[in-house]
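**Q** For reference, the structure I am asking about is given below.
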Amino acid sequence: MRRFVQSLTPHTWMVVAGLIFGVVAALLVKWGNPANMGYCAACFLRDVTGALGLHRAGAVQYLRPEILGLILGSFIAAIAFREFRTRGGSAPLVRFLLGTLMMIGALVFLGCPVRALLRLAGGDLNGITALAGLIFGVFVGILFLKRGFNLGRSAKMPSVAGWLFPAFMVILLLFAIFTPYFIFSSTSGPGSLHPALWISLVVGLGVGILAQRTRMCFAGGWRDLILIKDIHLFSLIAAFFVAAMVTNFALGQVGHWGFSGQPISHEEHLWNFLGMALVGLSATLLGGCPLRQMVLSGQGDTDAVMTVLGMVAGAAVAHNFGLASSPSPIGNTTFGAWAVGVGLAVALLIGFLTRERRQA
Amino acid sequence: MIEVDARGFSCPIPVVKTKEAIDKNPKEPLAVLVDNEVSKENVSRLAKNRGYSVEVERAEDGFRLKLSPLAK
């Protein structure tokens with residue numbers, strides 16, 4: 001019995017954390033975030049990118065406190081539990097590039113692995129195509145892992161390097177509070193839809209602490225399921241999905257089940273699949289989904305900071321060069337399709353060429 | 001004893017390396033060196049799922065995990 005309880009406890013924690021996150025993600029829509037976008041790591045980082053003026057898509061610019069809170073929450077948890085360690089030097093430029101590709105893939109689908117689940121939990125069946133693409137991408141990534149892919153060892157660094165990014169988040173938070181004139185903020189479109197700053201911030205901090213403690217990862221869960229047949233991380237994903245769907249039903253937020261006419265969504269199935277496949281492949285090569293990368297960036301992992309900066313660059317590129325999709329009826333763009341194709345080719349090339357030499 | 005040095009690697013590489021060592025050397029004890037808490041947890045979980053007992057020692061720069069196959 002004791003062994004049973006001991007073996008159960010970590011999973012139980014994961015399930016509880018997933019349930020909390022799922023309920024909160026659905027509630028955030030009720031409190032003001034865009035439909036089926038209570039919490040989206042990629043979309044919200046894209047909004048932050050726009051708020052800084054690095055892209056000029058007027059409808060998606062807002063300093064999302066969920067993002068600032070996520071990174072600061074992770075920082076607080078890491079300090080409190082003595083897990084803050086400054087590391088770096090594991091192929092930073094490759095991580096930057098993969099981060100860029102991961103963001104471009106997400107913005108062709110219009111969501112990260114978290115939002116894929118939230119969309120499905122809100123009745124948008126394009127979430128299924130996206131999850132199929134994500135799992136396919138993760139599967140391809142696993143083939144590279146089995147072949148000996150890794151981005152090299154990181155090394156200890158002076159701790160000031162690890163503090164830089166959380167400090168930058170504090171500055172962004174001050175910008176969010178005092179809204180200086182150079183910070184952009186959408187007056188219409190998804191970027192204009194949000195709860196009061198303090199609500200988003202409190203939720204962001206809470207999710208950051210939860211995510212740092214549980215090591216939640218919305219790509220890693222699928223990876224561990226396939227690679228080592230372990231349900232630990234996946235149990236959080238499953239609980240998250242169930243909780244979000246139940247909460248959506250309870251709040252009357254499930255519009256209608258179907259592919260077309262869904263909020264901030266398009267039904268270009270091929271590009272939803274391939275866009276998310278690019279996210280799954282990049283995330284597996286990087287060792288974590290967009291959300292996990294931001295959590296790591298808060299606990300001293302400067303390689304993850306490089307990935308997050310790559311994601312910011314990806315958001316800027318996606319909107320400045322017209323790669324990002326728009327909701328139906330526009331859907332994905334020709335440039336977006338090319339970007340996903342080239343992105344997949346580049347990610348595959350990185351996978352093939354980055355192979356550790358093994359001793360015979 | 002077979003030793004897997006996974007220091008400096010982050011999730012999931014230490015798990016991949018440990019899995020490979022387990023698959024190549026079934027029923028043999030292994031030592032895995034990791035330098036962070038997450039890798040310690042992940043490698044321990046893999047080892048327990050595969051029927052190994054895990055002993056954690058603090059080592060310079062992290063942890064040394066001794067994995068011993070449980071007799072069945």
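Letters A, B, ... go to the chains of the structure tokens in the order shown; residues in each chain start at 1; ligands are counted from 1 in the same order.
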Please provide the set of residues having any atom within 7 Å of Cys217 in chain A, restricted to only C-alpha atoms, with same-chain residues fewer than 3 positions apart removed, written as a list of chain:residue names.
**A**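 The residues that qualify are A:Gly220, A:Gly221, A:Leu233, A:Gly288, A:Cys289, A:Arg292.
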**Q** For all heavy atoms, I'd like the residues from the last selection saved as a JSON list (two decimals), in the first residue's frame.
**A**
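Contents of result_1.json, as written:
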[["chain", "number", "residue", "atom", "x", "y", "z"],
["A", 220, "GLY", "N", 6.87, 17.71, -24.36],
["A", 220, "GLY", "CA", 7.56, 16.64, -23.64],
["A", 220, "GLY", "C", 6.62, 15.54, -23.18],
["A", 220, "GLY", "O", 7.01, 14.37, -23.10],
["A", 221, "GLY", "N", 5.38, 15.90, -22.86],
["A", 221, "GLY", "CA", 4.40, 14.90, -22.44],
["A", 221, "GLY", "C", 4.18, 13.85, -23.51],
["A", 221, "GLY", "O", 4.17, 12.64, -23.25],
["A", 233, "LEU", "N", 4.48, 13.26, -17.47],
["A", 233, "LEU", "CA", 4.18, 14.61, -18.01],
["A", 233, "LEU", "C", 2.85, 14.62, -18.75],
["A", 233, "LEU", "O", 2.12, 15.61, -18.74],
["A", 233, "LEU", "CB", 5.30, 15.06, -18.96],
["A", 233, "LEU", "CG", 6.62, 15.50, -18.33],
["A", 233, "LEU", "CD1", 7.66, 15.77, -19.41],
["A", 233, "LEU", "CD2", 6.44, 16.74, -17.48],
["A", 288, "GLY", "N", 11.89, 21.14, -25.25],
["A", 288, "GLY", "CA", 10.72, 21.69, -24.56],
["A", 288, "GLY", "C", 9.87, 22.58, -25.44],
["A", 288, "GLY", "O", 10.37, 23.19, -26.39],
["A", 289, "CYS", "N", 8.59, 22.65, -25.11],
["A", 289, "CYS", "CA", 7.63, 23.45, -25.87],
["A", 289, "CYS", "C", 7.84, 24.94, -25.58],
["A", 289, "CYS", "O", 8.62, 25.29, -24.70],
["A", 289, "CYS", "CB", 6.21, 23.03, -25.49],
["A", 289, "CYS", "SG", 5.73, 23.51, -23.82],
["A", 292, "ARG", "N", 7.53, 25.76, -21.86],
["A", 292, "ARG", "CA", 8.64, 25.23, -21.07],
["A", 292, "ARG", "C", 9.92, 26.05, -21.28],
["A", 292, "ARG", "O", 10.69, 26.26, -20.35],
["A", 292, "ARG", "CB", 8.87, 23.77, -21.47],
["A", 292, "ARG", "CG", 10.02, 23.08, -20.76],
["A", 292, "ARG", "CD", 9.71, 22.73, -19.33],
["A", 292, "ARG", "NE", 10.85, 22.11, -18.65],
["A", 292, "ARG", "CZ", 11.14, 22.31, -17.37],
["A", 292, "ARG", "NH1", 10.37, 23.07, -16.62],
["A", 292, "ARG", "NH2", 12.18, 21.74, -16.82]]
**Q** What are the closest atom pairs, with distances in Å to one decimal, for all residues of chain B lying within 7 Å of chain A? Consider only C-alpha atoms, order rows by chain and residue number, and present the result as JSON lines.
**A**
{"residue": "B:Gly8", "atom": "CA", "partner": "A:Arg153", "partner_atom": "CA", "distance": 4.4}
{"residue": "B:Phe9", "atom": "CA", "partner": "A:Arg153", "partner_atom": "CA", "distance": 5.1}
{"residue": "B:Cys11", "atom": "CA", "partner": "A:Gly287", "partner_atom": "CA", "distance": 5.8}
{"residue": "B:Pro12", "atom": "CA", "partner": "A:Gly287", "partner_atom": "CA", "distance": 6.0}
{"residue": "B:Ile13", "atom": "CA", "partner": "A:Asn150", "partner_atom": "CA", "distance": 6.9}
**Q** May I have the selected residues written with N, CA and C atoms, as a compact mmCIF listing (two decimals), in the first residue's frame?
**A**
# COMPACT_ATOMS: atom_id res chain seq x y z
N GLY B 8 25.68 18.50 -17.76
CA GLY B 8 25.64 19.55 -18.78
C GLY B 8 24.51 19.38 -19.77
N PHE B 9 23.90 18.21 -19.79
CA PHE B 9 22.78 18.01 -20.70
C PHE B 9 21.47 18.29 -19.97
N CYS B 11 17.05 18.03 -20.13
CA CYS B 11 15.95 17.16 -20.52
C CYS B 11 15.74 17.23 -22.03
N PRO B 12 15.60 16.17 -22.77
CA PRO B 12 15.52 14.78 -22.31
C PRO B 12 16.80 13.96 -22.55
N ILE B 13 17.92 14.65 -22.84
CA ILE B 13 19.11 13.90 -23.26
C ILE B 13 19.60 12.90 -22.18
**Q** Could you go through chain B and tell me which residues DSSP, when run on the backbone, assigns to helix (DSSP H, G or I), listing them as a PyMOL selection string?
**A** chain B and resi 13-24+37-49
**Q** Could you please take those selected residues and save C-alpha atoms as a CSV table (one decimal), in the first residue's frame?
**A**
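Listing of selection-v5.csv after writing:
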chain,number,residue,atom,x,y,z
B,13,ILE,CA,19.1,13.9,-23.3
B,14,PRO,CA,20.1,12.3,-19.9
B,15,VAL,CA,17.0,10.1,-20.1
B,16,VAL,CA,17.8,9.1,-23.7
B,17,LYS,CA,21.4,8.3,-22.8
B,18,THR,CA,20.4,6.2,-19.7
B,19,LYS,CA,17.7,4.4,-21.7
B,20,GLU,CA,20.4,3.5,-24.3
B,21,ALA,CA,22.7,2.2,-21.7
B,22,ILE,CA,20.0,0.1,-20.1
B,23,ASP,CA,19.0,-1.3,-23.5
B,24,LYS,CA,22.6,-2.1,-24.3
B,37,GLU,CA,17.4,18.3,-10.2
B,38,VAL,CA,15.2,17.8,-13.2
B,39,SER,CA,17.5,15.2,-14.8
B,40,LYS,CA,17.9,13.5,-11.4
B,41,GLU,CA,14.1,13.1,-11.2
B,42,ASN,CA,13.7,12.1,-14.8
B,43,VAL,CA,16.4,9.5,-14.8
B,44,SER,CA,15.2,8.1,-11.5
B,45,ARG,CA,11.7,7.8,-12.9
B,46,LEU,CA,12.9,6.0,-16.0
B,47,ALA,CA,15.0,3.6,-13.9
B,48,LYS,CA,12.2,2.8,-11.5
B,49,ASN,CA,9.9,2.1,-14.4
**Q** Please measure the separation of CA of Glu3 in chain B and CA of Leu30 in chain B, giving the value in Å to one decimal.
**A**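 These two atoms are separated by 5.9 Å.
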**Q** Can you tell me, as a PDB file with N, CA and C atoms, in the first residue's frame, what residues are no more than 9 Å from range 321-328 of chain A when counting only C-alpha atoms, ignoring any on the same chain fewer than 3 positions away?
**A**
ATOM      1  N   ILE A 104       7.301  30.467 -35.946  1.00  0.00           N
ATOM      2  CA  ILE A 104       6.679  30.601 -37.268  1.00  0.00           C
ATOM      3  C   ILE A 104       5.657  29.484 -37.478  1.00  0.00           C
ATOM      4  N   GLY A 105       6.015  28.252 -37.116  1.00  0.00           N
ATOM      5  CA  GLY A 105       5.078  27.133 -37.230  1.00  0.00           C
ATOM      6  C   GLY A 105       3.813  27.385 -36.424  1.00  0.00           C
ATOM      7  N   ALA A 106       4.005  27.893 -35.199  1.00  0.00           N
ATOM      8  CA  ALA A 106       2.860  28.154 -34.316  1.00  0.00           C
ATOM      9  C   ALA A 106       1.960  29.234 -34.906  1.00  0.00           C
ATOM     10  N   LEU A 107       2.547  30.246 -35.523  1.00  0.00           N
ATOM     11  CA  LEU A 107       1.744  31.356 -36.030  1.00  0.00           C
ATOM     12  C   LEU A 107       1.100  31.039 -37.380  1.00  0.00           C
ATOM     13  N   VAL A 108       1.539  29.965 -38.031  1.00  0.00           N
ATOM     14  CA  VAL A 108       0.818  29.505 -39.218  1.00  0.00           C
ATOM     15  C   VAL A 108      -0.436  28.742 -38.771  1.00  0.00           C
ATOM     16  N   PHE A 109      -0.290  27.965 -37.680  1.00  0.00           N
ATOM     17  CA  PHE A 109      -1.470  27.286 -37.121  1.00  0.00           C
ATOM     18  C   PHE A 109      -2.350  28.264 -36.336  1.00  0.00           C
ATOM     19  N   LEU A 110      -1.735  29.245 -35.734  1.00  0.00           N
ATOM     20  CA  LEU A 110      -2.388  30.194 -34.811  1.00  0.00           C
ATOM     21  C   LEU A 110      -2.523  29.593 -33.411  1.00  0.00           C
ATOM     22  N   SER A 260     -15.089  24.952 -39.212  1.00  0.00           N
ATOM     23  CA  SER A 260     -15.185  26.305 -39.764  1.00  0.00           C
ATOM     24  C   SER A 260     -15.894  27.240 -38.796  1.00  0.00           C
ATOM     25  N   GLY A 261     -15.616  28.518 -38.977  1.00  0.00           N
ATOM     26  CA  GLY A 261     -16.246  29.537 -38.145  1.00  0.00           C
ATOM     27  C   GLY A 261     -15.792  29.524 -36.701  1.00  0.00           C
ATOM     28  N   GLN A 262     -14.600  29.034 -36.438  1.00  0.00           N
ATOM     29  CA  GLN A 262     -14.081  28.990 -35.064  1.00  0.00           C
ATOM     30  C   GLN A 262     -13.282  30.257 -34.779  1.00  0.00           C
ATOM     31  N   PRO A 263     -13.231  30.668 -33.511  1.00  0.00           N
ATOM     32  CA  PRO A 263     -12.538  31.917 -33.190  1.00  0.00           C
ATOM     33  C   PRO A 263     -11.024  31.828 -33.392  1.00  0.00           C
ATOM     34  N   ILE A 264     -10.478  32.866 -34.019  1.00  0.00           N
ATOM     35  CA  ILE A 264      -9.038  32.976 -34.295  1.00  0.00           C
ATOM     36  C   ILE A 264      -8.490  31.632 -34.754  1.00  0.00           C
ATOM     37  N   SER A 265      -8.981  31.220 -35.919  1.00  0.00           N
ATOM     38  CA  SER A 265      -8.730  29.870 -36.408  1.00  0.00           C
ATOM     39  C   SER A 265      -8.950  29.852 -37.915  1.00  0.00           C
ATOM     40  N   HIS A 266      -8.290  28.951 -38.612  1.00  0.00           N
ATOM     41  CA  HIS A 266      -8.610  28.737 -40.022  1.00  0.00           C
ATOM     42  C   HIS A 266      -8.581  27.243 -40.281  1.00  0.00           C
ATOM     43  N   GLU A 267      -9.189  26.805 -41.385  1.00  0.00           N
ATOM     44  CA  GLU A 267      -9.286  25.364 -41.601  1.00  0.00           C
ATOM     45  C   GLU A 267      -8.463  24.903 -42.802  1.00  0.00           C
ATOM     46  N   ALA A 315       8.314  35.731 -34.201  1.00  0.00           N
ATOM     47  CA  ALA A 315       7.047  36.469 -34.215  1.00  0.00           C
ATOM     48  C   ALA A 315       7.173  37.717 -35.073  1.00  0.00           C
ATOM     49  N   ALA A 316       8.316  38.407 -34.931  1.00  0.00           N
ATOM     50  CA  ALA A 316       8.542  39.621 -35.720  1.00  0.00           C
ATOM     51  C   ALA A 316       8.598  39.282 -37.206  1.00  0.00           C
ATOM     52  N   VAL A 317       9.370  38.250 -37.547  1.00  0.00           N
ATOM     53  CA  VAL A 317       9.486  37.822 -38.938  1.00  0.00           C
ATOM     54  C   VAL A 317       8.113  37.417 -39.479  1.00  0.00           C
ATOM     55  N   ALA A 318       7.378  36.642 -38.698  1.00  0.00           N
ATOM     56  CA  ALA A 318       6.093  36.104 -39.162  1.00  0.00           C
ATOM     57  C   ALA A 318       5.121  37.222 -39.515  1.00  0.00           C
ATOM     58  N   GLY A 331      -7.119  32.736 -43.835  1.00  0.00           N
ATOM     59  CA  GLY A 331      -6.338  31.517 -43.627  1.00  0.00           C
ATOM     60  C   GLY A 331      -4.850  31.742 -43.738  1.00  0.00           C
ATOM     61  N   ASN A 332      -4.139  30.718 -44.181  1.00  0.00           N
ATOM     62  CA  ASN A 332      -2.686  30.863 -44.223  1.00  0.00           C
ATOM     63  C   ASN A 332      -2.265  31.542 -45.525  1.00  0.00           C
ATOM     64  N   THR A 333      -1.068  32.091 -45.514  1.00  0.00           N
ATOM     65  CA  THR A 333      -0.580  32.826 -46.670  1.00  0.00           C
ATOM     66  C   THR A 333       0.384  31.959 -47.475  1.00  0.00           C
ATOM     67  N   THR A 334       0.604  32.354 -48.718  1.00  0.00           N
ATOM     68  CA  THR A 334       1.567  31.622 -49.552  1.00  0.00           C
ATOM     69  C   THR A 334       2.944  31.662 -48.912  1.00  0.00           C
ATOM     70  N   PHE A 335       3.315  32.855 -48.398  1.00  0.00           N
ATOM     71  CA  PHE A 335       4.617  32.976 -47.743  1.00  0.00           C
ATOM     72  C   PHE A 335       4.684  32.078 -46.510  1.00  0.00           C
ATOM     73  N   GLY A 336       3.570  31.986 -45.801  1.00  0.00           N
ATOM     74  CA  GLY A 336       3.522  31.133 -44.610  1.00  0.00           C
ATOM     75  C   GLY A 336       3.768  29.677 -44.971  1.00  0.00           C
ATOM     76  N   ALA A 337       3.156  29.241 -46.083  1.00  0.00           N
ATOM     77  CA  ALA A 337       3.339  27.870 -46.537  1.00  0.00           C
ATOM     78  C   ALA A 337       4.803  27.611 -46.878  1.00  0.00           C
ATOM     79  N   TRP A 338       5.408  28.567 -47.609  1.00  0.00           N
ATOM     80  CA  TRP A 338       6.832  28.437 -47.947  1.00  0.00           C
ATOM     81  C   TRP A 338       7.679  28.408 -46.682  1.00  0.00           C
ATOM     82  N   ALA A 339       7.342  29.267 -45.729  1.00  0.00           N
ATOM     83  CA  ALA A 339       8.136  29.352 -44.502  1.00  0.00           C
ATOM     84  C   ALA A 339       8.087  28.035 -43.735  1.00  0.00           C
ATOM     85  N   VAL A 340       6.907  27.416 -43.681  1.00  0.00           N
ATOM     86  CA  VAL A 340       6.799  26.137 -42.972  1.00  0.00           C
ATOM     87  C   VAL A 340       7.607  25.065 -43.709  1.00  0.00           C
TER      88      VAL A 340
END
**Q** Of the candidates A:Ala161, A:Leu274, A:Leu63, A:Met103, which one gets nearest to Leu174 in chain A if we count only C-alpha atoms?
**A** A:Leu63
**Q** I'd like the contact shell of Phe81 in chain A - 12 Å cut-off, only C-alpha atoms, skipping same-chain residues fewer than 4 positions apart - returned as a VMD selection string.
**A** (chain A and resid 74 to 77 85 209 212 to 213 299) or (chain B and resid 37)
**Q** Please measure the separation of CA of Gly137 in chain A and CA of Val34 in chain B, giving the value in Å to one decimal.
**A**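 If I compute the distance from CA of Gly137 in chain A to CA of Val34 in chain B, I get 27.5 Å.
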**Q** Check the smallest atom-to-atom distance from each of A:Met37, A:Ala313, A:Ala345, A:Met306 to Ala91 in chain A using only C-alpha atoms, then report the winner.
**A** A:Met306
**Q** Rank nothing, just name the residue among B:Met1, B:Ala71, B:Leu33, B:Ala6 nearest to Tyr52 in chain B, using only C-alpha atoms.
**A**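 Looking at the shortest contact to Tyr52 in chain B, the residue is B:Ala71.
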**Q** Can you measure CA of His269 in chain A to CA of Phe139 in chain A for me? One decimal in Å is fine.
**A**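 Calculated distance between CA of His269 in chain A and CA of Phe139 in chain A is 19.2 Å.
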**Q** Using only C-alpha atoms, determine which residues lie at most 9 Å from Ile2 in chain B, disregarding the query and same-chain residues fewer than 6 positions distant; provide the list as a PDB file with all heavy atoms, in the first residue's frame.
**A**
ATOM      1  N   ALA B  21      21.826   3.069 -22.461  1.00  0.00           N
ATOM      2  CA  ALA B  21      22.746   2.247 -21.665  1.00  0.00           C
ATOM      3  C   ALA B  21      22.010   1.041 -21.073  1.00  0.00           C
ATOM      4  O   ALA B  21      22.548  -0.071 -21.023  1.00  0.00           O
ATOM      5  CB  ALA B  21      23.365   3.091 -20.552  1.00  0.00           C
ATOM      6  N   ASN B  25      22.911  -2.780 -21.954  1.00  0.00           N
ATOM      7  CA  ASN B  25      23.458  -3.592 -20.871  1.00  0.00           C
ATOM      8  C   ASN B  25      22.359  -4.007 -19.900  1.00  0.00           C
ATOM      9  O   ASN B  25      22.326  -3.568 -18.763  1.00  0.00           O
ATOM     10  CB  ASN B  25      24.517  -2.799 -20.084  1.00  0.00           C
ATOM     11  CG  ASN B  25      25.507  -2.116 -20.993  1.00  0.00           C
ATOM     12  OD1 ASN B  25      26.420  -2.749 -21.492  1.00  0.00           O
ATOM     13  ND2 ASN B  25      25.300  -0.831 -21.231  1.00  0.00           N
ATOM     14  N   GLU B  28      22.478  -4.986 -15.763  1.00  0.00           N
ATOM     15  CA  GLU B  28      23.757  -4.613 -15.160  1.00  0.00           C
ATOM     16  C   GLU B  28      23.592  -3.316 -14.400  1.00  0.00           C
ATOM     17  O   GLU B  28      22.810  -2.462 -14.799  1.00  0.00           O
ATOM     18  CB  GLU B  28      24.819  -4.411 -16.251  1.00  0.00           C
ATOM     19  CG  GLU B  28      25.545  -5.669 -16.601  1.00  0.00           C
ATOM     20  CD  GLU B  28      26.678  -5.389 -17.570  1.00  0.00           C
ATOM     21  OE1 GLU B  28      27.621  -4.674 -17.173  1.00  0.00           O
ATOM     22  OE2 GLU B  28      26.585  -5.857 -18.716  1.00  0.00           O
ATOM     23  N   PRO B  29      24.304  -3.168 -13.306  1.00  0.00           N
ATOM     24  CA  PRO B  29      24.205  -1.889 -12.588  1.00  0.00           C
ATOM     25  C   PRO B  29      24.861  -0.775 -13.393  1.00  0.00           C
ATOM     26  O   PRO B  29      25.825  -1.003 -14.116  1.00  0.00           O
ATOM     27  CB  PRO B  29      24.954  -2.146 -11.284  1.00  0.00           C
ATOM     28  CG  PRO B  29      25.829  -3.316 -11.549  1.00  0.00           C
ATOM     29  CD  PRO B  29      25.206  -4.117 -12.650  1.00  0.00           C
ATOM     30  N   LEU B  30      24.304   0.427 -13.251  1.00  0.00           N
ATOM     31  CA  LEU B  30      24.827   1.583 -13.974  1.00  0.00           C
ATOM     32  C   LEU B  30      25.028   2.743 -13.018  1.00  0.00           C
ATOM     33  O   LEU B  30      24.382   2.809 -11.974  1.00  0.00           O
ATOM     34  CB  LEU B  30      23.822   2.055 -15.038  1.00  0.00           C
ATOM     35  CG  LEU B  30      23.299   1.118 -16.094  1.00  0.00           C
ATOM     36  CD1 LEU B  30      22.103   1.771 -16.783  1.00  0.00           C
ATOM     37  CD2 LEU B  30      24.387   0.842 -17.110  1.00  0.00           C
ATOM     38  N   ALA B  31      25.904   3.622 -13.384  1.00  0.00           N
ATOM     39  CA  ALA B  31      26.009   4.885 -12.651  1.00  0.00           C
ATOM     40  C   ALA B  31      25.733   6.004 -13.646  1.00  0.00           C
ATOM     41  O   ALA B  31      26.241   5.986 -14.761  1.00  0.00           O
ATOM     42  CB  ALA B  31      27.392   5.038 -12.057  1.00  0.00           C
ATOM     43  N   VAL B  32      24.894   6.937 -13.249  1.00  0.00           N
ATOM     44  CA  VAL B  32      24.570   8.060 -14.131  1.00  0.00           C
ATOM     45  C   VAL B  32      24.911   9.357 -13.412  1.00  0.00           C
ATOM     46  O   VAL B  32      24.485   9.577 -12.274  1.00  0.00           O
ATOM     47  CB  VAL B  32      23.074   8.065 -14.521  1.00  0.00           C
ATOM     48  CG1 VAL B  32      22.777   9.191 -15.507  1.00  0.00           C
ATOM     49  CG2 VAL B  32      22.658   6.723 -15.106  1.00  0.00           C
TER      50      VAL B  32
END
**Q** Contacts of Phe182 in chain A at 9 Å or less, counting only C-alpha atoms, minus same-chain residues fewer than 6 places along, as a ChimeraX atom specification?
**A** /A:51-53
**Q** Please return as number ranges by chain: the residues of range 4-41 of chain B that backbone DSSP assigns to strand (DSSP E or B).
**A** B: 4-5, 30-34
**Q** Please produce a file of those selected residues containing N, CA, C and O atoms, as a PDB file, in the first residue's frame.
**A**
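Resulting contents of again.pdb:
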ATOM      1  N   VAL B   4      27.407   6.589 -17.160  1.00  0.00           N
ATOM      2  CA  VAL B   4      26.861   7.503 -18.157  1.00  0.00           C
ATOM      3  C   VAL B   4      27.056   8.921 -17.627  1.00  0.00           C
ATOM      4  O   VAL B   4      26.559   9.256 -16.554  1.00  0.00           O
ATOM      5  N   ASP B   5      27.828   9.696 -18.344  1.00  0.00           N
ATOM      6  CA  ASP B   5      28.052  11.080 -17.900  1.00  0.00           C
ATOM      7  C   ASP B   5      27.100  11.997 -18.661  1.00  0.00           C
ATOM      8  O   ASP B   5      27.327  12.307 -19.822  1.00  0.00           O
ATOM      9  N   LEU B  30      24.304   0.427 -13.251  1.00  0.00           N
ATOM     10  CA  LEU B  30      24.827   1.583 -13.974  1.00  0.00           C
ATOM     11  C   LEU B  30      25.028   2.743 -13.018  1.00  0.00           C
ATOM     12  O   LEU B  30      24.382   2.809 -11.974  1.00  0.00           O
ATOM     13  N   ALA B  31      25.904   3.622 -13.384  1.00  0.00           N
ATOM     14  CA  ALA B  31      26.009   4.885 -12.651  1.00  0.00           C
ATOM     15  C   ALA B  31      25.733   6.004 -13.646  1.00  0.00           C
ATOM     16  O   ALA B  31      26.241   5.986 -14.761  1.00  0.00           O
ATOM     17  N   VAL B  32      24.894   6.937 -13.249  1.00  0.00           N
ATOM     18  CA  VAL B  32      24.570   8.060 -14.131  1.00  0.00           C
ATOM     19  C   VAL B  32      24.911   9.357 -13.412  1.00  0.00           C
ATOM     20  O   VAL B  32      24.485   9.577 -12.274  1.00  0.00           O
ATOM     21  N   LEU B  33      25.708  10.178 -14.057  1.00  0.00           N
ATOM     22  CA  LEU B  33      26.056  11.484 -13.492  1.00  0.00           C
ATOM     23  C   LEU B  33      25.183  12.549 -14.130  1.00  0.00           C
ATOM     24  O   LEU B  33      25.126  12.654 -15.350  1.00  0.00           O
ATOM     25  N   VAL B  34      24.503  13.304 -13.291  1.00  0.00           N
ATOM     26  CA  VAL B  34      23.695  14.412 -13.799  1.00  0.00           C
ATOM     27  C   VAL B  34      24.009  15.648 -12.960  1.00  0.00           C
ATOM     28  O   VAL B  34      24.518  15.533 -11.847  1.00  0.00           O
TER      29      VAL B  34
END
